[in-house]
Structure formats: C-alpha cells, structure tokens
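Student: Dropping in final-v9.cif, with mmCIF, C-alpha atoms.
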```cif
data_coords
loop_
_atom_site.label_atom_id
_atom_site.label_comp_id
_atom_site.auth_asym_id
_atom_site.auth_seq_id
_atom_site.Cartn_x
_atom_site.Cartn_y
_atom_site.Cartn_z
CA MET A 5 -7.37 -21.87 22.63
CA LYS A 6 -6.26 -18.23 22.95
CA VAL A 7 -5.72 -16.38 19.67
CA LEU A 8 -4.08 -13.04 18.82
CA LEU A 9 -5.09 -11.36 15.54
CA VAL A 10 -2.89 -8.57 14.13
CA ASP A 11 -4.02 -6.61 11.05
CA ASP A 12 -3.71 -2.92 10.21
CA GLU A 13 -7.03 -3.00 8.28
CA ARG A 14 -9.06 -2.05 11.35
CA LYS A 15 -12.52 -2.94 10.07
CA PHE A 16 -11.27 -6.30 8.81
CA ALA A 17 -9.66 -7.15 12.14
CA ALA A 18 -12.70 -6.12 14.18
CA MET A 19 -15.17 -8.06 12.05
CA LEU A 20 -13.07 -11.19 11.71
CA ALA A 21 -12.53 -11.20 15.48
CA LYS A 22 -16.28 -10.82 16.07
CA ARG A 23 -17.05 -13.73 13.73
CA LEU A 24 -14.52 -15.94 15.51
CA VAL A 25 -15.95 -14.97 18.91
CA LEU A 26 -19.40 -16.04 17.65
CA ARG A 27 -17.79 -19.42 16.88
CA GLY A 28 -16.43 -19.79 20.38
CA ILE A 29 -12.84 -18.63 19.81
CA ASP A 30 -11.19 -16.61 22.59
CA ILE A 31 -9.47 -13.85 20.63
CA ASP A 32 -7.74 -10.50 21.11
CA TYR A 33 -7.02 -8.21 18.19
CA VAL A 34 -4.65 -5.30 17.62
CA TYR A 35 -3.71 -3.19 14.61
CA THR A 36 0.09 -3.02 14.73
CA GLY A 37 3.09 -5.22 15.39
CA GLU A 38 4.13 -2.92 18.22
CA GLU A 39 0.77 -3.41 19.98
CA ALA A 40 1.03 -7.17 19.42
CA ILE A 41 4.41 -7.36 21.17
CA VAL A 42 2.98 -5.50 24.18
CA LYS A 43 -0.04 -7.85 24.27
CA ALA A 44 2.11 -10.96 23.96
CA GLY A 45 4.28 -9.71 26.81
CA THR A 46 1.36 -9.81 29.22
CA GLN A 47 -0.76 -12.66 27.87
CA ARG A 48 0.08 -16.11 26.53
CA TYR A 49 -1.39 -17.02 23.14
CA ASP A 50 -1.62 -20.40 21.42
CA VAL A 51 -1.94 -19.04 17.89
CA ALA A 52 -1.16 -15.69 16.26
CA ILE A 53 -2.92 -14.68 13.04
CA LEU A 54 -0.67 -12.09 11.37
CA ASP A 55 -1.16 -9.88 8.33
CA VAL A 56 2.03 -9.94 6.27
CA LYS A 57 2.07 -6.32 5.06
CA MET A 58 1.71 -3.82 7.86
CA PRO A 59 3.26 -0.41 8.49
CA GLY A 60 6.16 -0.55 10.94
CA ILE A 61 6.78 -4.16 11.96
CA GLY A 62 5.50 -6.44 9.20
CA GLY A 63 4.03 -9.89 9.82
CA ILE A 64 7.17 -11.89 9.07
CA GLU A 65 9.38 -9.81 11.37
CA LEU A 66 6.62 -9.84 13.99
CA GLU A 67 6.53 -13.63 13.98
CA ARG A 68 10.23 -13.73 14.88
CA LYS A 69 9.72 -11.25 17.73
CA LEU A 70 6.67 -13.07 19.10
CA LYS A 71 8.52 -16.40 18.99
CA GLU A 72 11.32 -14.87 21.02
CA LEU A 73 8.68 -14.24 23.71
CA ASP A 74 7.06 -17.67 23.28
CA PRO A 75 8.78 -20.32 21.12
CA CYS A 76 5.65 -22.51 21.32
CA LEU A 77 3.45 -19.94 19.57
CA LYS A 78 1.90 -21.15 16.30
CA THR A 79 1.42 -18.75 13.42
CA ILE A 80 -1.03 -18.30 10.58
CA PHE A 81 -0.25 -15.58 8.04
CA LEU A 82 -2.87 -13.55 6.18
CA THR A 83 -1.95 -11.92 2.90
CA GLY A 84 -3.62 -9.71 0.35
CA HIS A 85 -1.40 -11.29 -2.27
CA GLY A 86 -2.45 -14.39 -4.12
CA SER A 87 0.96 -16.01 -4.24
CA LYS A 88 3.54 -17.53 -1.92
CA THR A 89 6.11 -14.88 -2.79
CA ASP A 90 6.10 -13.27 0.63
CA PHE A 91 6.67 -16.58 2.33
CA GLU A 92 9.39 -17.86 0.07
CA ALA A 93 11.30 -14.70 0.92
CA GLY A 94 10.41 -14.72 4.58
CA SER A 95 9.63 -17.10 7.36
CA ALA A 96 10.35 -20.79 7.01
CA GLU A 97 8.64 -21.50 10.31
CA ALA A 98 5.18 -20.25 9.37
CA THR A 99 2.58 -22.88 10.03
CA CYS A 100 0.51 -21.76 7.05
CA TYR A 101 -0.94 -18.82 5.24
CA LEU A 102 -4.34 -17.75 3.96
CA ALA A 103 -5.03 -15.34 1.13
CA LYS A 104 -7.61 -12.62 1.67
CA PRO A 105 -10.59 -12.63 1.37
CA ILE A 106 -10.58 -15.61 3.72
CA GLN A 107 -13.17 -18.34 4.24
CA ILE A 108 -14.13 -18.43 7.90
CA ASP A 109 -14.62 -22.22 7.95
CA GLU A 110 -11.20 -22.75 6.40
CA LEU A 111 -9.62 -20.47 9.00
CA LEU A 112 -11.42 -22.33 11.79
CA THR A 113 -10.20 -25.69 10.51
CA ILE A 114 -6.61 -24.43 10.31
CA LEU A 115 -6.84 -22.82 13.75
CA ARG A 116 -7.88 -26.13 15.28
CA GLU A 117 -5.23 -28.04 13.37
CA VAL A 118 -2.34 -25.81 14.37
CA ALA A 119 -3.49 -25.51 17.97
CA GLY A 120 -3.57 -29.30 18.20
CA MET B 24 10.80 -6.99 -34.84
CA ASP B 25 12.51 -8.44 -31.78
CA SER B 26 10.17 -11.04 -30.29
CA THR B 27 11.65 -10.88 -26.78
CA ILE B 28 10.90 -8.30 -24.10
CA ASP B 29 13.53 -7.47 -21.53
CA PHE B 30 11.15 -7.34 -18.56
CA LYS B 31 13.86 -7.03 -15.94
CA ASN B 32 15.59 -4.01 -17.44
CA ASN B 33 12.50 -2.26 -18.75
CA ASP B 34 11.95 0.54 -16.22
CA ASP B 35 8.60 1.57 -17.71
CA LEU B 36 7.20 -1.96 -17.60
CA ALA B 37 8.60 -2.58 -14.11
CA PHE B 38 6.95 0.61 -12.84
CA PHE B 39 3.63 -0.22 -14.47
CA GLY B 40 3.71 -3.70 -12.93
CA LYS B 41 4.71 -2.48 -9.49
CA VAL B 42 1.88 0.05 -9.33
CA ASN B 43 -0.69 -2.43 -10.60
CA ALA B 44 0.43 -5.01 -8.04
CA SER B 45 -0.06 -2.48 -5.22
CA ILE B 46 -3.52 -1.56 -6.58
CA SER B 47 -4.54 -5.22 -6.71
CA HIS B 48 -3.38 -5.59 -3.10
CA GLU B 49 -5.51 -2.60 -2.09
CA LEU B 50 -8.55 -4.02 -3.91
CA LYS B 51 -8.07 -7.36 -2.16
CA ASN B 52 -8.05 -5.59 1.21
CA ILE B 53 -11.29 -3.83 0.30
CA LEU B 54 -12.94 -7.07 -0.82
CA ALA B 55 -11.71 -8.77 2.35
CA ILE B 56 -13.54 -6.19 4.48
CA ILE B 57 -16.72 -6.49 2.40
CA SER B 58 -16.46 -10.27 2.65
CA GLU B 59 -16.15 -10.14 6.46
CA ALA B 60 -19.02 -7.64 6.74
CA ALA B 61 -21.25 -9.82 4.57
CA GLY B 62 -20.21 -12.88 6.58
CA LEU B 63 -21.03 -11.14 9.83
CA LEU B 64 -24.45 -10.15 8.46
CA GLN B 65 -25.03 -13.83 7.62
CA ASP B 66 -23.99 -14.83 11.14
CA LEU B 67 -26.37 -12.27 12.66
CA THR B 68 -29.20 -13.39 10.37
CA ALA B 69 -28.66 -17.01 11.40
CA MET B 70 -28.70 -15.98 15.07
CA ALA B 71 -31.95 -14.05 14.59
CA ALA B 72 -33.50 -17.04 12.82
CA LYS B 73 -32.76 -19.13 15.92
CA GLY B 74 -34.47 -16.52 18.09
CA GLN B 75 -31.23 -15.21 19.56
CA LYS B 76 -31.00 -11.52 20.38
CA ILE B 77 -28.84 -9.50 18.03
CA GLU B 78 -27.61 -5.92 18.29
CA LEU B 79 -29.24 -3.68 15.70
CA GLU B 80 -26.27 -1.35 15.94
CA MET B 81 -24.04 -4.15 14.65
CA LEU B 82 -26.30 -4.61 11.60
CA ASN B 83 -26.04 -0.90 10.92
CA THR B 84 -22.25 -0.90 11.32
CA CYS B 85 -21.85 -3.84 8.91
CA SER B 86 -24.07 -2.22 6.27
CA GLN B 87 -22.27 1.10 6.63
CA ASP B 88 -18.87 -0.61 6.33
CA ILE B 89 -19.97 -2.30 3.11
CA VAL B 90 -21.14 1.02 1.63
CA GLU B 91 -17.88 2.76 2.64
CA GLU B 92 -15.66 0.00 1.27
CA ILE B 93 -17.54 -0.09 -2.05
CA GLN B 94 -16.93 3.66 -2.29
CA ARG B 95 -13.24 3.10 -1.47
CA GLY B 96 -13.16 0.45 -4.20
CA PHE B 97 -14.66 2.82 -6.77
CA THR B 98 -12.10 5.48 -5.85
CA THR B 99 -9.26 2.96 -6.20
CA ILE B 100 -10.55 1.76 -9.58
CA ARG B 101 -10.85 5.37 -10.78
CA GLN B 102 -7.20 5.94 -9.79
CA MET B 103 -6.17 2.72 -11.54
CA ASN B 104 -8.01 3.87 -14.66
CA THR B 105 -6.32 7.29 -14.64
CA PHE B 106 -2.93 5.66 -14.16
CA SER B 107 -3.53 3.10 -16.93
CA HIS B 108 -4.48 5.84 -19.41
CA SER B 109 -1.30 7.81 -18.65
CA VAL B 110 0.47 5.69 -21.27
CA ASP B 111 -1.95 6.79 -24.01
CA ALA B 112 0.00 9.87 -25.08
CA PRO B 113 3.81 10.15 -24.99
CA LEU B 114 3.52 13.93 -24.86
CA LYS B 115 0.71 15.81 -23.16
CA SER B 116 -0.03 18.95 -21.19
CA VAL B 117 -0.57 17.75 -17.62
CA ASN B 118 -1.53 19.41 -14.37
CA LEU B 119 1.21 18.69 -11.82
CA ILE B 120 -1.34 18.90 -9.01
CA ASP B 121 -3.25 15.98 -10.58
CA VAL B 122 -0.03 14.01 -11.11
CA LEU B 123 1.08 14.53 -7.51
CA ASP B 124 -2.38 13.77 -6.09
CA LEU B 125 -2.56 10.51 -8.04
CA MET B 126 0.95 9.44 -7.04
CA ILE B 127 0.31 10.32 -3.38
CA ASN B 128 -2.74 8.04 -3.48
CA LEU B 129 -1.01 5.20 -5.33
CA VAL B 130 2.15 5.23 -3.24
CA GLY B 131 -0.12 5.36 -0.18
CA PHE B 132 -1.05 1.72 -0.85
CA LEU B 133 2.48 0.69 0.12
CA SER B 134 2.82 -0.54 3.69
CA PHE B 135 5.69 1.83 4.51
CA ALA B 136 3.96 4.97 3.23
CA GLY B 137 3.84 7.83 5.70
CA LYS B 138 2.09 11.19 5.57
CA VAL B 139 2.42 13.88 2.91
CA ARG B 140 1.79 17.58 3.31
CA PHE B 141 1.12 19.02 -0.12
CA ASP B 142 0.31 22.68 -0.63
CA PRO B 143 -0.83 22.83 -4.26
CA PRO B 144 -0.05 25.93 -6.33
CA PRO B 145 -2.75 27.65 -8.40
CA ASP B 146 -3.86 25.52 -11.38
CA GLU B 147 -2.38 27.89 -13.96
CA ALA B 148 1.04 27.49 -12.36
CA ALA B 149 0.93 23.73 -12.56
CA MET B 150 0.40 22.96 -16.26
CA ILE B 151 3.35 21.49 -18.13
CA LEU B 152 3.95 19.74 -21.44
CA THR B 153 5.76 16.49 -20.74
CA CYS B 154 5.55 12.69 -20.90
CA PRO B 155 2.88 11.91 -18.25
CA PHE B 156 3.90 8.30 -17.67
CA ARG B 157 7.63 8.92 -17.22
CA LEU B 158 6.94 11.91 -14.97
CA GLN B 159 4.73 9.67 -12.80
CA ASN B 160 7.54 7.12 -12.71
CA LEU B 161 9.97 9.77 -11.45
CA VAL B 162 7.54 11.13 -8.85
CA TYR B 163 6.60 7.64 -7.62
CA HIS B 164 10.23 6.58 -7.17
CA THR B 165 10.94 9.80 -5.31
CA PHE B 166 7.98 9.26 -2.98
CA VAL B 167 9.12 5.67 -2.29
CA PHE B 168 12.60 6.90 -1.38
CA ALA B 169 11.18 9.80 0.67
CA PHE B 170 8.86 7.54 2.70
CA LYS B 171 11.62 5.03 3.37
CA SER B 172 13.87 7.87 4.51
CA VAL B 173 11.44 9.04 7.22
CA GLY B 174 9.81 5.73 8.24
CA ALA B 175 6.09 4.90 8.44
CA ASP B 176 5.39 7.51 11.13
CA GLY B 177 7.15 10.33 9.30
CA GLU B 178 5.82 13.17 7.21
CA ILE B 179 7.27 14.72 4.08
CA GLN B 180 6.38 18.00 2.40
CA VAL B 181 5.82 18.48 -1.31
CA ALA B 182 5.69 21.80 -3.13
CA VAL B 183 5.59 22.94 -6.77
CA HIS B 184 7.38 26.10 -7.87
CA ARG B 185 7.22 27.74 -11.28
CA GLU B 186 10.53 28.83 -12.75
CA PRO B 187 10.85 31.99 -14.88
CA ASN B 188 11.79 29.92 -17.96
CA GLY B 189 8.48 28.00 -17.84
CA SER B 190 9.79 24.82 -16.24
CA ALA B 191 8.48 23.59 -12.90
CA ARG B 192 10.34 22.46 -9.80
CA ILE B 193 8.81 19.78 -7.56
CA ALA B 194 10.46 19.76 -4.13
CA PHE B 195 10.21 16.82 -1.70
CA SER B 196 11.48 18.08 1.65
CA GLY B 197 11.67 16.95 5.26
CA LEU B 198 13.49 13.76 4.26
CA GLY B 199 15.16 11.59 6.87
CA THR B 200 18.21 9.38 6.93
CA LYS B 201 16.65 5.89 6.99
CA GLY B 202 16.60 5.44 3.22
CA GLY B 203 19.88 3.59 2.93
CA LEU B 204 20.61 3.49 -0.79
CA PRO B 205 21.97 6.62 -2.50
CA PHE B 206 19.27 8.56 -4.33
CA PRO B 207 18.68 9.26 -7.13
CA SER B 208 20.03 6.07 -8.70
CA GLN B 209 21.46 6.12 -12.21
CA GLU B 210 18.25 4.46 -13.47
CA THR B 211 16.16 7.24 -11.94
CA LYS B 212 18.43 9.89 -13.43
CA ASN B 213 18.07 8.18 -16.81
CA ILE B 214 14.28 8.36 -16.60
CA ALA B 215 14.56 12.09 -15.86
CA THR B 216 17.00 12.67 -18.69
CA SER B 217 14.74 10.83 -21.15
CA ILE B 218 12.08 13.53 -20.73
CA GLY B 219 14.46 16.46 -20.46
CA ALA B 220 14.00 16.66 -16.69
CA GLU B 221 16.55 16.67 -13.92
CA ILE B 222 16.46 15.05 -10.48
CA ARG B 223 18.86 15.95 -7.72
CA MET B 224 19.40 15.65 -4.00
CA ALA B 225 20.14 18.85 -2.10
CA ASP B 226 23.49 19.13 -0.34
CA ASP B 227 21.91 18.66 3.09
CA SER B 228 20.26 15.37 1.88
CA ARG B 229 16.91 16.58 3.22
CA THR B 230 15.33 17.63 -0.08
CA VAL B 231 14.98 16.02 -3.51
CA GLU B 232 14.06 18.26 -6.42
CA ILE B 233 12.67 17.30 -9.81
CA LEU B 234 13.06 20.01 -12.40
CA VAL B 235 10.43 19.38 -15.10
CA THR B 236 11.12 21.13 -18.39
CA GLN B 237 8.44 22.15 -20.89
CA LEU B 238 8.98 19.81 -23.85
CA GLY B 239 8.76 22.15 -26.82
CA GLU B 240 8.63 21.30 -30.54
CA ASP B 241 12.41 21.31 -30.80
CA SER B 242 13.16 19.11 -27.78
CA ASP B 243 14.87 15.76 -28.40
CA TYR B 244 11.99 13.94 -26.75
CA THR B 245 9.36 15.62 -28.95
CA GLN B 246 11.42 14.99 -32.09
CA ARG B 247 11.67 11.29 -31.21
CA HIS B 248 7.94 10.91 -30.58
CA ASN B 249 6.56 12.93 -33.50
#
```
Give the structure from this file in structure tokens form.
Tutor:
Amino acid sequence: MKVLLVDDERKFAAMLAKRLVLRGIDIDYVYTGEEAIVKAGTQRYDVAILDVKMPGIGGIELERKLKELDPCLKTIFLTGHGSKTDFEAGSAEATCYLAKPIQIDELLTILREVAG
Amino acid sequence: MDSTIDFKNNDDLAFFGKVNASISHELKNILAIISEAAGLLQDLTAMAAKGQKIELEMLNTCSQDIVEEIQRGFTTIRQMNTFSHSVDAPLKSVNLIDVLDLMINLVGFLSFAGKVRFDPPPDEAAMILTCPFRLQNLVYHTFVFAFKSVGADGEIQVAVHREPNGSARIAFSGLGTKGGLPFPSQETKNIATSIGAEIRMADDSRTVEILVTQLGEDSDYTQRHN
C-alpha cells in the first residue's frame, strides 16, 4: 500500500509519517495541495490522507484534482474540527474522515480497510 | 425581556463565535502535534525496550517540538483571553497597535490568511477612546476581505495615521482583485456607524480605510452606554 499524506502543519505531517513508517506503511508526505498534485503526477498512490483546511488548495478541492489523475484513489480526510460540517458541505466521495488529534491505531485500521 | 436571541442576525455574536471557532481549530492543531510527538516518543521507547537502535536526535526533536507547541498553545490561549475580555467595557481607551496585533494573530488562524506588513506608529499616536469589541469586529472583517483579495501568497500593508482632529485612520493597502463581493458590506458599514467610525474603499479599490473617531462624552454611542 502506497500512501500520500498532505498537511500544512509541517511537524504534524512529519511525525505522523514517521509513525506510519515504523508500522510498515510506505508513505510520502507534502505540505500543500500544489505539491501533492505534482507528486501524484509522477507516482501512483492507493490512499491519500488529506487535511481539510490548508492554504491554497484545500483538502476537498484537492481530492477532486487527485481523482482526476487517478479515479481509483481512496481518500481519508483529517480535520481540526470536531464535526462533519466540512464534509456535508464538500465531498460526497470521501471514504471517511478523522478528527485531530488522531489515534494511530484507528488510522491504521481505516487505512487497511479503505485500501482493501 | 425577550427570551429569544437572533443568532443569525446578531453581528457581535456571529463575530465572537467565528473567532472562537478559529481559535479552537488552532488549539486542536497544536494538540495534534503534541499528540504525535508523544506517540513517537512512545514508539521510540518501545523500540529501545526491544533492544532496537534508536536515533537520539529524534528523541531530542520530539521533546523540542512538544516544548515549542506548548509555548504556541500558551500564546494562543493568551490571545483568546485578551479577545474574550474585549467585551468587558463598551467604551475604553485602547491602543490601536495592540488591537491590530491581536487581530493579525487571530485572523492568521484562517487557512487563507496571507502576510501582513505592519509598521506601528509611536504608542502615543495610537491611543483612542472607542468600543474595543466593535473596533475588533471591523478590523477583523477588513483583514478577511483583504486576505481574500490577494490570495494566500499575497501580502497586505497596514498603517495607522493620526488625524489633526484626534481621530485615527487605519489603512489596509496593497489589496488585490480576488475578493469577489463588494466591500464594505452594509453590515460592516453599520458596525462602523454604531461606534461613530467610517469604513470606505478607495477609488482605486486597492486600499480600505477605517476612520476611528474619539468617542467623547457627547457622542451618541457614549450617551447610549452611560
């Protein structure tokens, strides 16, 4: 399973990626939607973990752009909000979302579920 | 006493809620980083317990990140506290530098916030008697519009000028054309009018000015709140 993590909170992205690597997940991480589109243009990913609120291209818009590149891509959204508000207003195709702070075991379980 | 509150059309309440929501989002981000750093320390401890080699530099980085994020959390809570207490007095002498600094920090929590160049005037040129909360509301809305007008990579300039009659002029310049909606809206103008201030867009649409009037004893606002 190849995973792409996109979050503008740099320390969060780096540490979460490191923890997933320690659990055997093959993961790349970037800090902006623009960087994610470049990455996804050169590398195929099974799952994208996207922060909803980011400067520039936000997570919901990014999902649409990434799916244009690869319709098979699965998505998990991360949000600092504790409600589903962002998702009711946005993507209907999102596989699921997790509220920050996240539980690593819960994320792992969801990753494996969505990747099949 | 009317037992219902018109939440939707209460600009003050809507502003208070909006700012508090953005602060809670910021605090969640901070806690998320601390949570990941603590989790990584646990992972490294478990690896060490199994006799696996761990990088000491990573331990140091995690600890340092926790310290920095706790400091960021304290700063955010201090800003939240200052903002919350701005409703305490309907009329108060405020330092415009403090008001602008606080609003720059609070609006900075929004995902579309860009950069601000603020050259503060001397302290004595920045004191004004006004309604702190409504002035913050005006400044915040102007920053939101200004950031949207230039995009996340843009930069706006803010300056405070003292007028000969004792009022102060806050100028937001370097605005772009991405904003969309006309500004200021009637609601924003109403907030300004309620505290005897004025908000206007310059003819070239690149600068918004807020003219903040000293609210003296005889002003309508002071009469209403005394």
Student: In Å to one decimal, how far is CA of Asp11 in chain A from CA of Pro59 in chain A?
Tutor: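 Distance reported for this atom pair: 9.9 Å.
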Student: With a cut-off of 12 Å and counting all atoms listed in the file, select all residues of chain A in contact with chain B and give the selection as a PyMOL selection string.
Tutor: chain A and resi 11-27+36+55-63+82-87+102-109
Student: What does the distance from CA of Lys41 in chain B to CA of Arg247 in chain B come to in Å, to one decimal?
Tutor: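 Those two atoms sit 26.6 Å apart.
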Student: Identify which of the residues A:Cys100, A:Leu73, A:Leu66, A:Val7 lies closest to Ala40 in chain A, counting all atoms listed in the file when measuring atom-to-atom distances.
Tutor: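 Once distances to Ala40 in chain A are computed over all atoms listed in the file, the minimum belongs to A:Leu66.
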Student: May I ask for the distance between CA of Val181 in chain B and CA of Pro205 in chain B, given in Å to one decimal place?
Tutor: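 Result for CA of Val181 in chain B versus CA of Pro205 in chain B: 20.1 Å, one decimal.
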Student: Would you write out, as a PyMOL selection string, every residue that the PyMOL selection byres ((chain B and resi 156-162) around 9) captures in this file?
Tutor: chain B and resi 34-35+38-39+106+108-113+122-123+125-126+153-155+163-167+193+211-212+214-215+217-218+220+222+233+235
